[in-house]
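Notes to accompany the following structure.
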Amino acid sequence: MKVVIVGGVAGGASAAARIRRLDAQAEIVVFERGRHVSFSNCALPYYLGGAVEDSEDLIMMTPEDFRERHNIDVRTESAVVEIQREEKAVVVQESPSGRRYTEHYDKLILAPGASPIVPKSIAGSGGENVFTIRNVTDICAVKDYIDRTGAENIVVAGAGFVGLEVAENLRLLGKQVSIVEGLDQVMAPFDYDMAQFLHRELLEQGIQLYLSSMVTAISPKAVTAVRDGVPFEVPADVVILSIGVAPESALAAQAGLELGGRGSIRVNHNYQTSDPDIYAVGDAVESFNRLGRCYGGLALAGPAQRQARAAADHICGMTHNNKGYIGSSCIRVFEQNAAVTGMNEKAILKAGIPYDAALVLPFDKVSIMPDCHYMAFKLLFEVPTGRILGAQAIGRGDVVRRIDVIAAMITIGGTLEDLKELELCYAPVYGTAKDVVNQAALVGLNLLYNRVRQVRLGGVRELVESGACIVDVREAEEYQQGHLKTAINIPLSQLRERMEEIPRDRPVYLHCRTSQRSYYALCELQGNGYRNVYNISGSFLGICNYEYFNDVTTGREPIVTAYNFN
């Protein structure tokens, strides 16, 4: 059997290695149009900041390694420009010679990946100071240009994974970095309320953040962007476009293979295209979202590797159980770690699933530990079943472990009740006896069973501006350090003695620092006949993070007397 693979990295290289493990006699040929067939594309931004000191360290395997270790024929700087399905052959063009030749196959795997989007509407996007990042050659070009020209002002267009990682690494070098993002938040997989924690971190680290703004033109020294129809300029010696990626499906389209949404290559559960002898994996294919029950794109290395393994297995006669993806990812943004899995609120609303959300901000380990920090953790669940739909976590501690737990729960169809009873490891230096995820499940169950009613962070400003009855149950010292402007202070420790100060004839909204003490106060009030009591989700710590970015960048009137992020 002869297998030809178009493209390397996570998809193509993984498929090639798996086929060799299953079939020692197969002839395997991999064509890669770039200079490197196997490299750590997720680590590319860290070469800019020096965490990866040598660009050669980004290269995982060379063609020689593939030949010597696996007897796989890898040909770099060789682009497949045509598929001849009737002849079961591909046309290959070498660079820089331009020589063309034909290579036949029994099975063909397409792993072309996705290419960075460069909108034609951006004037000057072809300038020498404008870059995209996809491979080792690209990241070396960026670094070489910055080092050679002494560029100081960098504009990153786009605030996804690559954009934020590039911005962080360049800022750590002392560069003046600005991010221009078309959405009203960074990191689209996160919900708006959670993204505010990242907005604050970016501002505090000296990043200039322009949201709801679109780059329209690039010159040698500046970027022109537009927000609400009003143009403005940002100094820019270098511009890095990380607006997004588009599936590389032109080759498949030329061959008459069926395409799906966004122009992605349509595949079945074994990753076969509409031609059963041609498979496709990775960023270029249409993948099944097991939660949304729909197809979409997913540009992540982990799923690409699993797809590659599944395609290789099927080529070698093994069955595959394709359960689709849930979408789990993580990122470091300076001193904050962020992770997400499953559906966010936009995806849930699009799918028409009834849901609710629990937001908790507990300590990530026992509070007397010296490196203890709060963690913002948001859990999304289906109503009325309690089925877990997604989660997001941001903090200085181990958010990834918590989100991995939720990813496992989603994979097995877990519910809030399952998560509540989940037994996890505990030691004071690692977590708390009732872990963050267990606490989120308990809050979710209170909401699901209508034991507690809540107001989300996005509704607090309206409460303040309308003069609603807001009771801050923190201690007086905490209240004096910063509070909602219209809140009255009745500490939890004084609640029983001062309960009559709280009206019974109007809604009462409670908060503390993280919503735990205000939950205790809510239970006490409900136990004494109060029927119209709400807990403010996230409480003062959440409110400060939620309001801070827009207060600072728009000059609007704050609803707090002072911000407190501790």
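The way I read the labels, and the way they are meant: chains A, B, ... in the order of the structure tokens, residue 1 as the first residue of every chain, and ligand 1 as the first ligand shown, with later ones counted on from there.
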Residues near region 144-151 of chain A, cut-off 12 Å, only C-alpha atoms, skip fewer than 6 positions along chain, as an mmCIF file with C-alpha atoms, in the first residue's frame:
```
data_model
loop_
_atom_site.group_PDB
_atom_site.id
_atom_site.type_symbol
_atom_site.label_atom_id
_atom_site.label_comp_id
_atom_site.auth_asym_id
_atom_site.auth_seq_id
_atom_site.Cartn_x
_atom_site.Cartn_y
_atom_site.Cartn_z
ATOM 1 C CA TYR A 47 10.607 32.462 20.216
ATOM 2 C CA LEU A 48 9.895 36.199 20.003
ATOM 3 C CA GLY A 49 10.147 36.642 23.769
ATOM 4 C CA SER A 55 14.586 28.732 16.382
ATOM 5 C CA GLU A 128 7.395 44.871 4.438
ATOM 6 C CA ASN A 129 6.512 45.661 8.060
ATOM 7 C CA VAL A 130 3.354 43.501 7.977
ATOM 8 C CA PHE A 131 3.535 39.855 9.033
ATOM 9 C CA THR A 137 10.006 30.768 8.707
ATOM 10 C CA ASP A 138 7.322 33.330 9.554
ATOM 11 C CA LEU A 170 6.846 41.352 22.635
ATOM 12 C CA LEU A 173 10.889 42.455 25.529
ATOM 13 C CA GLY A 174 9.975 46.022 26.451
ATOM 14 C CA LYS A 175 8.166 46.867 23.214
ATOM 15 C CA GLN A 176 5.181 49.217 23.096
ATOM 16 C CA VAL A 177 2.389 46.864 22.096
ATOM 17 C CA PRO A 220 5.267 52.278 7.491
ATOM 18 C CA LYS A 221 4.771 54.032 10.837
ATOM 19 C CA PRO A 235 1.837 54.124 16.043
ATOM 20 C CA ALA A 236 3.206 50.988 14.404
ATOM 21 C CA ASP A 237 6.696 50.096 13.244
ATOM 22 C CA VAL A 238 5.561 46.486 12.862
ATOM 23 C CA VAL A 239 2.090 45.044 12.317
ATOM 24 C CA ILE A 240 1.250 41.407 12.995
#
```
Pick out the residues sitting within 8 Å of Val436 (chain A), and hand them over as a compact mmCIF listing (two decimals) with C-alpha atoms, in the first residue's frame; count only C-alpha atoms, and ignore anything fewer than 3 positions along from it in its own chain.
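Full text of out.txt as output:
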```
# COMPACT_ATOMS: atom_id res chain seq x y z
CA VAL A 360 -17.57 31.43 41.76
CA PRO A 362 -12.84 30.92 45.54
CA PHE A 363 -9.21 30.53 46.51
CA ASP A 364 -7.32 28.03 44.38
CA PHE A 377 -14.59 29.91 37.58
CA ARG A 402 -9.97 22.41 36.83
CA THR A 432 -9.07 22.92 48.97
CA GLN A 439 -18.08 24.59 44.74
CA ALA A 440 -19.26 25.61 41.29
```
### Message
Here is a test: counting only C-alpha atoms, which residue of A:Arg293, A:Arg517, A:Arg456, A:Arg134 is nearest to Asn41 (chain A)?
### Response
A:Arg134
### Task
Would you mind listing what lies within 7 Å of Gly158 (chain A) as a PyMOL selection string, with only C-alpha atoms counted and same-chain residues fewer than 2 positions away left out?
chain A and resi 156+160+163+179-181+241-243
Save out the residues we just selected, all heavy atoms, as a PDB file, in the first residue's frame.
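part_1.pdb, written as the output of this step:
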```pdb
ATOM      1  N   VAL A 156      -0.702  44.502  17.089  1.00  0.00           N
ATOM      2  CA  VAL A 156      -1.195  43.153  16.809  1.00  0.00           C
ATOM      3  C   VAL A 156      -2.672  43.279  16.475  1.00  0.00           C
ATOM      4  O   VAL A 156      -3.459  43.759  17.299  1.00  0.00           O
ATOM      5  CB  VAL A 156      -0.998  42.228  18.026  1.00  0.00           C
ATOM      6  CG1 VAL A 156      -1.559  40.843  17.729  1.00  0.00           C
ATOM      7  CG2 VAL A 156       0.477  42.137  18.394  1.00  0.00           C
ATOM      8  N   GLY A 160      -6.921  36.715  19.533  1.00  0.00           N
ATOM      9  CA  GLY A 160      -7.112  35.306  19.825  1.00  0.00           C
ATOM     10  C   GLY A 160      -5.863  34.733  20.472  1.00  0.00           C
ATOM     11  O   GLY A 160      -5.040  35.461  21.040  1.00  0.00           O
ATOM     12  N   GLY A 163      -2.579  36.061  18.769  1.00  0.00           N
ATOM     13  CA  GLY A 163      -2.440  37.486  18.989  1.00  0.00           C
ATOM     14  C   GLY A 163      -1.998  37.827  20.399  1.00  0.00           C
ATOM     15  O   GLY A 163      -1.083  38.632  20.611  1.00  0.00           O
ATOM     16  N   ILE A 179      -3.044  46.238  20.814  1.00  0.00           N
ATOM     17  CA  ILE A 179      -3.896  45.205  20.216  1.00  0.00           C
ATOM     18  C   ILE A 179      -5.144  45.879  19.674  1.00  0.00           C
ATOM     19  O   ILE A 179      -5.807  46.644  20.386  1.00  0.00           O
ATOM     20  CB  ILE A 179      -4.289  44.130  21.247  1.00  0.00           C
ATOM     21  CG1 ILE A 179      -3.058  43.372  21.746  1.00  0.00           C
ATOM     22  CG2 ILE A 179      -5.292  43.151  20.648  1.00  0.00           C
ATOM     23  CD1 ILE A 179      -3.360  42.380  22.860  1.00  0.00           C
ATOM     24  N   VAL A 180      -5.455  45.595  18.420  1.00  0.00           N
ATOM     25  CA  VAL A 180      -6.680  46.092  17.792  1.00  0.00           C
ATOM     26  C   VAL A 180      -7.556  44.886  17.483  1.00  0.00           C
ATOM     27  O   VAL A 180      -7.151  43.998  16.728  1.00  0.00           O
ATOM     28  CB  VAL A 180      -6.377  46.885  16.502  1.00  0.00           C
ATOM     29  CG1 VAL A 180      -7.674  47.398  15.877  1.00  0.00           C
ATOM     30  CG2 VAL A 180      -5.437  48.046  16.795  1.00  0.00           C
ATOM     31  N   GLU A 181      -8.737  44.843  18.072  1.00  0.00           N
ATOM     32  CA  GLU A 181      -9.623  43.688  17.968  1.00  0.00           C
ATOM     33  C   GLU A 181     -11.018  44.135  17.536  1.00  0.00           C
ATOM     34  O   GLU A 181     -11.570  45.087  18.085  1.00  0.00           O
ATOM     35  CB  GLU A 181      -9.686  42.960  19.304  1.00  0.00           C
ATOM     36  CG  GLU A 181     -10.798  41.930  19.455  1.00  0.00           C
ATOM     37  CD  GLU A 181     -10.745  40.823  18.424  1.00  0.00           C
ATOM     38  OE1 GLU A 181      -9.650  40.256  18.214  1.00  0.00           O
ATOM     39  OE2 GLU A 181     -11.794  40.540  17.828  1.00  0.00           O
ATOM     40  N   LEU A 241      -0.644  40.505  11.794  1.00  0.00           N
ATOM     41  CA  LEU A 241      -2.049  40.187  11.561  1.00  0.00           C
ATOM     42  C   LEU A 241      -2.350  38.801  12.109  1.00  0.00           C
ATOM     43  O   LEU A 241      -1.808  37.793  11.640  1.00  0.00           O
ATOM     44  CB  LEU A 241      -2.371  40.237  10.061  1.00  0.00           C
ATOM     45  CG  LEU A 241      -2.159  41.590   9.365  1.00  0.00           C
ATOM     46  CD1 LEU A 241      -2.478  41.479   7.876  1.00  0.00           C
ATOM     47  CD2 LEU A 241      -3.012  42.676  10.004  1.00  0.00           C
ATOM     48  N   SER A 242      -3.188  38.758  13.119  1.00  0.00           N
ATOM     49  CA  SER A 242      -3.641  37.470  13.679  1.00  0.00           C
ATOM     50  C   SER A 242      -5.157  37.515  13.797  1.00  0.00           C
ATOM     51  O   SER A 242      -5.731  37.228  14.847  1.00  0.00           O
ATOM     52  CB  SER A 242      -2.987  37.210  15.040  1.00  0.00           C
ATOM     53  OG  SER A 242      -3.293  38.247  15.947  1.00  0.00           O
ATOM     54  N   ILE A 243      -5.781  37.893  12.704  1.00  0.00           N
ATOM     55  CA  ILE A 243      -7.225  38.116  12.669  1.00  0.00           C
ATOM     56  C   ILE A 243      -8.000  36.805  12.728  1.00  0.00           C
ATOM     57  O   ILE A 243      -9.126  36.749  13.219  1.00  0.00           O
ATOM     58  CB  ILE A 243      -7.591  38.917  11.398  1.00  0.00           C
ATOM     59  CG1 ILE A 243      -6.925  40.290  11.459  1.00  0.00           C
ATOM     60  CG2 ILE A 243      -9.095  39.053  11.242  1.00  0.00           C
ATOM     61  CD1 ILE A 243      -7.014  41.072  10.176  1.00  0.00           C
TER      62      ILE A 243
END
```
#### Entry: Every residue of region 24-185 of chain A that DSSP places in alpha helix (DSSP H), as a PyMOL selection string
chain A and resi 45-48+63-70+136-149+161-172
### Message
Residues within 9 Å of Val9 (chain A), please, as number ranges by chain. Count only C-alpha atoms; anything in the same chain fewer than 6 positions from it doesn't count.
### Response
A: 36-41, 111, 113, 301
Using only N, CA and C atoms, please write the residues we just selected to a file, as an mmCIF file, in the first residue's frame.
```cif
data_model
loop_
_atom_site.group_PDB
_atom_site.id
_atom_site.type_symbol
_atom_site.label_atom_id
_atom_site.label_comp_id
_atom_site.auth_asym_id
_atom_site.auth_seq_id
_atom_site.Cartn_x
_atom_site.Cartn_y
_atom_site.Cartn_z
ATOM 1 N N HIS A 36 9.881 23.155 6.787
ATOM 2 C CA HIS A 36 9.897 22.258 7.940
ATOM 3 C C HIS A 36 8.608 21.446 7.978
ATOM 4 N N VAL A 37 8.737 20.153 8.214
ATOM 5 C CA VAL A 37 7.570 19.273 8.184
ATOM 6 C C VAL A 37 6.982 19.040 9.568
ATOM 7 N N SER A 38 7.800 19.164 10.597
ATOM 8 C CA SER A 38 7.333 18.882 11.955
ATOM 9 C C SER A 38 7.945 19.907 12.905
ATOM 10 N N PHE A 39 7.095 20.809 13.407
ATOM 11 C CA PHE A 39 7.579 21.847 14.299
ATOM 12 C C PHE A 39 6.481 22.186 15.309
ATOM 13 N N SER A 40 6.878 22.845 16.380
ATOM 14 C CA SER A 40 5.943 23.200 17.437
ATOM 15 C C SER A 40 5.272 24.530 17.087
ATOM 16 N N ASN A 41 4.219 24.456 16.300
ATOM 17 C CA ASN A 41 3.581 25.705 15.873
ATOM 18 C C ASN A 41 2.954 26.456 17.039
ATOM 19 N N ALA A 111 -3.797 17.151 4.704
ATOM 20 C CA ALA A 111 -3.609 17.838 5.986
ATOM 21 C C ALA A 111 -2.987 19.207 5.724
ATOM 22 N N GLY A 113 -3.971 22.189 6.583
ATOM 23 C CA GLY A 113 -4.072 23.180 7.647
ATOM 24 C C GLY A 113 -4.942 24.362 7.266
ATOM 25 N N ALA A 301 -4.375 21.744 17.988
ATOM 26 C CA ALA A 301 -3.440 20.659 17.702
ATOM 27 C C ALA A 301 -3.924 19.311 18.209
#
```
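Separating CA of Pro112 (chain A) from CA of Gly7 (chain A) is a distance of 4.9 Å.
Taking CA of Met1 (chain A) as the reference point, CA of Val80 (chain A) is found at 19.9 Å.
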### Task
Report as a ChimeraX atom specification: the residues of region 359-394 of chain A with a DSSP assignment of strand (DSSP E), based on the backbone of this structure.
/A:359-360,375-382,388-394
File of the preceding selection, N, CA and C atoms, as a PDB file, in the first residue's frame:
```
ATOM      1  N   LEU A 359     -21.112  31.378  38.677  1.00  0.00           N
ATOM      2  CA  LEU A 359     -19.794  32.007  38.733  1.00  0.00           C
ATOM      3  C   LEU A 359     -19.313  32.011  40.176  1.00  0.00           C
ATOM      4  N   VAL A 360     -18.154  31.421  40.422  1.00  0.00           N
ATOM      5  CA  VAL A 360     -17.566  31.427  41.761  1.00  0.00           C
ATOM      6  C   VAL A 360     -16.159  31.990  41.672  1.00  0.00           C
ATOM      7  N   MET A 375      -9.584  32.435  42.063  1.00  0.00           N
ATOM      8  CA  MET A 375      -9.782  31.932  40.708  1.00  0.00           C
ATOM      9  C   MET A 375     -11.219  32.225  40.287  1.00  0.00           C
ATOM     10  N   ALA A 376     -11.372  32.840  39.137  1.00  0.00           N
ATOM     11  CA  ALA A 376     -12.707  33.046  38.581  1.00  0.00           C
ATOM     12  C   ALA A 376     -13.086  31.797  37.797  1.00  0.00           C
ATOM     13  N   PHE A 377     -14.176  31.171  38.203  1.00  0.00           N
ATOM     14  CA  PHE A 377     -14.587  29.910  37.580  1.00  0.00           C
ATOM     15  C   PHE A 377     -16.065  29.999  37.221  1.00  0.00           C
ATOM     16  N   LYS A 378     -16.376  29.801  35.969  1.00  0.00           N
ATOM     17  CA  LYS A 378     -17.748  29.885  35.474  1.00  0.00           C
ATOM     18  C   LYS A 378     -18.175  28.540  34.914  1.00  0.00           C
ATOM     19  N   LEU A 379     -19.303  28.047  35.388  1.00  0.00           N
ATOM     20  CA  LEU A 379     -19.830  26.746  34.981  1.00  0.00           C
ATOM     21  C   LEU A 379     -21.183  26.940  34.308  1.00  0.00           C
ATOM     22  N   LEU A 380     -21.326  26.415  33.108  1.00  0.00           N
ATOM     23  CA  LEU A 380     -22.558  26.525  32.332  1.00  0.00           C
ATOM     24  C   LEU A 380     -23.243  25.171  32.287  1.00  0.00           C
ATOM     25  N   PHE A 381     -24.550  25.166  32.522  1.00  0.00           N
ATOM     26  CA  PHE A 381     -25.260  23.899  32.594  1.00  0.00           C
ATOM     27  C   PHE A 381     -26.661  24.026  31.995  1.00  0.00           C
ATOM     28  N   GLU A 382     -27.171  22.887  31.556  1.00  0.00           N
ATOM     29  CA  GLU A 382     -28.492  22.834  30.939  1.00  0.00           C
ATOM     30  C   GLU A 382     -29.579  22.831  32.003  1.00  0.00           C
ATOM     31  N   ILE A 388     -23.799  19.313  32.223  1.00  0.00           N
ATOM     32  CA  ILE A 388     -22.733  20.309  32.116  1.00  0.00           C
ATOM     33  C   ILE A 388     -22.454  20.596  30.640  1.00  0.00           C
ATOM     34  N   LEU A 389     -22.466  21.872  30.294  1.00  0.00           N
ATOM     35  CA  LEU A 389     -22.286  22.303  28.901  1.00  0.00           C
ATOM     36  C   LEU A 389     -20.924  22.923  28.650  1.00  0.00           C
ATOM     37  N   GLY A 390     -20.345  23.553  29.656  1.00  0.00           N
ATOM     38  CA  GLY A 390     -19.057  24.210  29.442  1.00  0.00           C
ATOM     39  C   GLY A 390     -18.554  24.850  30.715  1.00  0.00           C
ATOM     40  N   ALA A 391     -17.310  25.297  30.665  1.00  0.00           N
ATOM     41  CA  ALA A 391     -16.720  25.978  31.821  1.00  0.00           C
ATOM     42  C   ALA A 391     -15.559  26.840  31.359  1.00  0.00           C
ATOM     43  N   GLN A 392     -15.294  27.878  32.156  1.00  0.00           N
ATOM     44  CA  GLN A 392     -14.193  28.798  31.897  1.00  0.00           C
ATOM     45  C   GLN A 392     -13.540  29.145  33.226  1.00  0.00           C
ATOM     46  N   ALA A 393     -12.219  29.256  33.225  1.00  0.00           N
ATOM     47  CA  ALA A 393     -11.506  29.571  34.460  1.00  0.00           C
ATOM     48  C   ALA A 393     -10.345  30.498  34.166  1.00  0.00           C
ATOM     49  N   ILE A 394     -10.154  31.494  35.044  1.00  0.00           N
ATOM     50  CA  ILE A 394      -9.058  32.446  34.902  1.00  0.00           C
ATOM     51  C   ILE A 394      -8.486  32.729  36.284  1.00  0.00           C
TER      52      ILE A 394
END
```
#### Entry: Who sits within 8 Å of Leu198 (chain A), only C-alpha atoms, same chain under 3 positions skipped, as a list in words
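My list of contacting residues is Val186, Met194, Ala195, Glu201, Leu202, Val333 and Gln336 of chain A.
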Taking C-alpha atoms for each residue, export the selection above as a short mmCIF file (atom, residue, chain, number, x, y, z; two decimals), in the first residue's frame.
```
data_model
loop_
_atom_site.label_atom_id
_atom_site.label_comp_id
_atom_site.auth_asym_id
_atom_site.auth_seq_id
_atom_site.Cartn_x
_atom_site.Cartn_y
_atom_site.Cartn_z
CA VAL A 186 -10.41 39.38 23.63
CA MET A 194 -14.85 36.34 31.96
CA ALA A 195 -12.85 38.23 29.32
CA GLU A 201 -4.45 42.08 33.11
CA LEU A 202 -3.53 43.39 29.66
CA VAL A 333 -1.77 36.00 29.56
CA GLN A 336 -3.11 35.09 34.47
#
```
### Query
If you measure from CA of Gly297 (chain A) to CA of Ala188 (chain A), what distance in Å do you get, rounded to one decimal?
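Between CA of Gly297 (chain A) and CA of Ala188 (chain A) the gap works out to 14.1 Å.
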### Task
Rank A:Gly327, A:Lys420, A:Glu94, A:Glu27 by their smallest atom-to-atom distance to Lys434 (chain A), using only C-alpha atoms, and report the top residue only.
A:Lys420
